[in-house]
Amino acid sequence: MRRIVVRRSPVHGRGVFALTKIRSGELLVEYKGEVTSWRVASPRYQRNGAEDGHTFFFGLDDRYVIDGARGGNSARWLNHCCEPNCETEQEGRRVFVRALTDITAGEELFIDYLLDIKGRRTAAVKKLHACRCGTRHCRGSMLAPR
């Protein structure tokens, strides 16, 4: 039985939603896609020209990344939240999403992106990575705190 579905999100674009009750600690989905090097992935992002910083990249380390736009699954639609109800776990070059809390049917699933970018965090960079979660403890950014 399917436990999650992708549909329009009130936070941003598409999102992943629970179809059934999910208990804290449950493994939900693997983040699928092509595992490639940042050297190959970075030009793809530049060619994409996304003005909102949108990407399906999930960084594994300084060298490798999962490109969810190539062979990805519904996990690529997980939105960011500063108070997430899910977390990611990396095992080698695989990434899994696990519930951090009990989640009710119809609730959107979120992870904290904790984006780590190279270079200065200029006003333009901060604007590009602004958070829209609206939670009580929102950092205002999808970037990892320094």
# chains A, B, ... in the order shown; residues from 1 in each chain; ligands from 1
$ residues_around --residues "A:Arg3" --least-positions-apart "3" --cutoff "8 Å" --atoms "only C-alpha atoms" --output "JSON, numbers by chain"
{"A": [18, 19, 20, 22, 28]}
$ write_last_selection --atoms "N, CA and C atoms" --output "compact mmCIF listing (two decimals), in the first residue's frame"
# COMPACT_ATOMS: atom_id res chain seq x y z
N ALA A 18 1.60 12.48 3.40
CA ALA A 18 1.27 11.16 3.94
C ALA A 18 -0.14 10.77 3.51
N LEU A 19 -0.31 9.55 3.05
CA LEU A 19 -1.63 9.01 2.72
C LEU A 19 -2.23 8.28 3.91
N THR A 20 -1.38 7.83 4.82
CA THR A 20 -1.79 7.11 6.01
C THR A 20 -1.02 7.66 7.21
N ILE A 22 1.76 7.75 9.82
CA ILE A 22 3.14 7.28 9.83
C ILE A 22 3.69 7.49 11.23
N LEU A 28 10.62 5.79 5.29
CA LEU A 28 9.57 6.14 4.33
C LEU A 28 9.94 5.90 2.88
$ select_by_dssp --residues "stretch 15-139 of chain A" --states "alpha helix (DSSP H)" --output "mmCIF file with C-alpha atoms, in the first residue's frame"
data_model
loop_
_atom_site.group_PDB
_atom_site.id
_atom_site.type_symbol
_atom_site.label_atom_id
_atom_site.label_comp_id
_atom_site.auth_asym_id
_atom_site.auth_seq_id
_atom_site.Cartn_x
_atom_site.Cartn_y
_atom_site.Cartn_z
ATOM 1 C CA TRP A 38 29.708 17.503 -8.474
ATOM 2 C CA ARG A 39 31.983 18.216 -11.457
ATOM 3 C CA VAL A 40 29.330 16.714 -13.765
ATOM 4 C CA ALA A 41 26.310 17.981 -11.798
ATOM 5 C CA SER A 42 27.338 21.636 -11.426
ATOM 6 C CA PRO A 43 27.154 22.457 -15.165
ATOM 7 C CA ARG A 44 23.670 20.872 -15.244
ATOM 8 C CA TYR A 45 22.560 23.338 -12.580
ATOM 9 C CA GLN A 46 24.094 26.266 -14.481
ATOM 10 C CA ARG A 47 22.331 25.192 -17.711
ATOM 11 C CA ASN A 48 19.043 24.837 -15.823
ATOM 12 C CA ALA A 123 22.215 39.210 -0.021
ATOM 13 C CA ALA A 124 21.443 37.624 -3.405
ATOM 14 C CA VAL A 125 22.503 34.166 -2.164
ATOM 15 C CA LYS A 126 20.421 34.567 0.987
ATOM 16 C CA LYS A 127 17.405 35.677 -1.053
ATOM 17 C CA LEU A 128 17.822 32.691 -3.398
#
$ select_by_dssp --residues "stretch 40-139 of chain A" --states "strand (DSSP E)" --output "ChimeraX atom specification"
/A:57-59,64-67,79-80,86-91,94-99,108-111
$ write_last_selection --atoms "C-alpha atoms" --output "mmCIF file, in the first residue's frame"
data_model
loop_
_atom_site.group_PDB
_atom_site.id
_atom_site.type_symbol
_atom_site.label_atom_id
_atom_site.label_comp_id
_atom_site.auth_asym_id
_atom_site.auth_seq_id
_atom_site.Cartn_x
_atom_site.Cartn_y
_atom_site.Cartn_z
ATOM 1 C CA PHE A 57 20.550 17.549 -6.070
ATOM 2 C CA PHE A 58 21.187 15.757 -2.797
ATOM 3 C CA GLY A 59 24.823 16.198 -1.802
ATOM 4 C CA TYR A 64 29.398 13.062 -5.137
ATOM 5 C CA VAL A 65 25.739 14.015 -5.434
ATOM 6 C CA ILE A 66 22.436 12.302 -6.215
ATOM 7 C CA ASP A 67 20.689 14.011 -9.141
ATOM 8 C CA ASN A 79 10.180 20.496 0.806
ATOM 9 C CA HIS A 80 12.351 22.212 3.396
ATOM 10 C CA CYS A 86 11.472 13.780 8.715
ATOM 11 C CA GLU A 87 15.228 13.395 8.489
ATOM 12 C CA THR A 88 17.635 11.863 6.013
ATOM 13 C CA GLU A 89 20.109 9.085 6.720
ATOM 14 C CA GLN A 90 23.024 8.360 4.435
ATOM 15 C CA GLU A 91 24.393 4.856 3.960
ATOM 16 C CA ARG A 94 22.277 5.912 -0.676
ATOM 17 C CA VAL A 95 19.978 8.278 1.242
ATOM 18 C CA PHE A 96 16.844 7.282 3.137
ATOM 19 C CA VAL A 97 14.070 9.414 4.631
ATOM 20 C CA ARG A 98 12.794 8.547 8.114
ATOM 21 C CA ALA A 99 9.942 10.068 10.128
ATOM 22 C CA GLU A 108 3.130 17.267 4.331
ATOM 23 C CA LEU A 109 6.523 15.653 4.907
ATOM 24 C CA PHE A 110 9.506 17.960 5.411
ATOM 25 C CA ILE A 111 13.257 17.723 5.841
#
$ closest_residue --among "A:Asp61, A:Trp77, A:Ala130, A:Arg120" --to "A:Arg8" --atoms "only C-alpha atoms"
A:Trp77
$ decode --residues "stretch 71-122 of chain A" --atoms "C-alpha atoms" --output "PDB file, in the first residue's frame"
ATOM      1  CA  GLY A  71      15.907   8.626 -12.477  1.00  0.00           C
ATOM      2  CA  GLY A  72      14.543  10.170  -9.300  1.00  0.00           C
ATOM      3  CA  ASN A  73      11.393   9.303  -7.395  1.00  0.00           C
ATOM      4  CA  SER A  74       8.857  11.124  -5.229  1.00  0.00           C
ATOM      5  CA  ALA A  75      11.480  11.911  -2.544  1.00  0.00           C
ATOM      6  CA  ARG A  76      12.852  14.670  -4.791  1.00  0.00           C
ATOM      7  CA  TRP A  77       9.689  16.680  -4.029  1.00  0.00           C
ATOM      8  CA  LEU A  78      10.304  16.864  -0.261  1.00  0.00           C
ATOM      9  CA  ASN A  79      10.180  20.496   0.806  1.00  0.00           C
ATOM     10  CA  HIS A  80      12.351  22.212   3.396  1.00  0.00           C
ATOM     11  CA  CYS A  81      11.188  23.165   6.869  1.00  0.00           C
ATOM     12  CA  CYS A  82      13.189  24.564   9.783  1.00  0.00           C
ATOM     13  CA  GLU A  83      11.155  22.273  12.089  1.00  0.00           C
ATOM     14  CA  PRO A  84      11.044  19.096   9.954  1.00  0.00           C
ATOM     15  CA  ASN A  85       8.996  15.983  10.637  1.00  0.00           C
ATOM     16  CA  CYS A  86      11.472  13.780   8.715  1.00  0.00           C
ATOM     17  CA  GLU A  87      15.228  13.395   8.489  1.00  0.00           C
ATOM     18  CA  THR A  88      17.635  11.863   6.013  1.00  0.00           C
ATOM     19  CA  GLU A  89      20.109   9.085   6.720  1.00  0.00           C
ATOM     20  CA  GLN A  90      23.024   8.360   4.435  1.00  0.00           C
ATOM     21  CA  GLU A  91      24.393   4.856   3.960  1.00  0.00           C
ATOM     22  CA  GLY A  92      27.288   5.007   1.527  1.00  0.00           C
ATOM     23  CA  ARG A  93      25.900   6.524  -1.663  1.00  0.00           C
ATOM     24  CA  ARG A  94      22.277   5.912  -0.676  1.00  0.00           C
ATOM     25  CA  VAL A  95      19.978   8.278   1.242  1.00  0.00           C
ATOM     26  CA  PHE A  96      16.844   7.282   3.137  1.00  0.00           C
ATOM     27  CA  VAL A  97      14.070   9.414   4.631  1.00  0.00           C
ATOM     28  CA  ARG A  98      12.794   8.547   8.114  1.00  0.00           C
ATOM     29  CA  ALA A  99       9.942  10.068  10.128  1.00  0.00           C
ATOM     30  CA  LEU A 100      11.121  12.122  13.125  1.00  0.00           C
ATOM     31  CA  THR A 101       7.608  12.461  14.564  1.00  0.00           C
ATOM     32  CA  ASP A 102       4.219  10.824  14.238  1.00  0.00           C
ATOM     33  CA  ILE A 103       2.665  12.117  11.003  1.00  0.00           C
ATOM     34  CA  THR A 104      -1.055  12.141  10.289  1.00  0.00           C
ATOM     35  CA  ALA A 105      -2.683  11.294   6.962  1.00  0.00           C
ATOM     36  CA  GLY A 106      -2.748  14.399   4.756  1.00  0.00           C
ATOM     37  CA  GLU A 107       0.240  16.048   6.485  1.00  0.00           C
ATOM     38  CA  GLU A 108       3.130  17.267   4.331  1.00  0.00           C
ATOM     39  CA  LEU A 109       6.523  15.653   4.907  1.00  0.00           C
ATOM     40  CA  PHE A 110       9.506  17.960   5.411  1.00  0.00           C
ATOM     41  CA  ILE A 111      13.257  17.723   5.841  1.00  0.00           C
ATOM     42  CA  ASP A 112      15.697  20.446   6.860  1.00  0.00           C
ATOM     43  CA  TYR A 113      17.830  21.032   3.770  1.00  0.00           C
ATOM     44  CA  LEU A 114      20.777  22.465   5.750  1.00  0.00           C
ATOM     45  CA  LEU A 115      22.334  23.605   2.470  1.00  0.00           C
ATOM     46  CA  ASP A 116      26.069  24.191   2.553  1.00  0.00           C
ATOM     47  CA  ILE A 117      27.216  26.507  -0.197  1.00  0.00           C
ATOM     48  CA  LYS A 118      30.694  27.552  -1.189  1.00  0.00           C
ATOM     49  CA  GLY A 119      31.656  31.211  -1.108  1.00  0.00           C
ATOM     50  CA  ARG A 120      30.166  34.280   0.505  1.00  0.00           C
ATOM     51  CA  ARG A 121      26.579  34.465   1.643  1.00  0.00           C
ATOM     52  CA  THR A 122      25.675  37.640  -0.178  1.00  0.00           C
TER      53      THR A 122
END
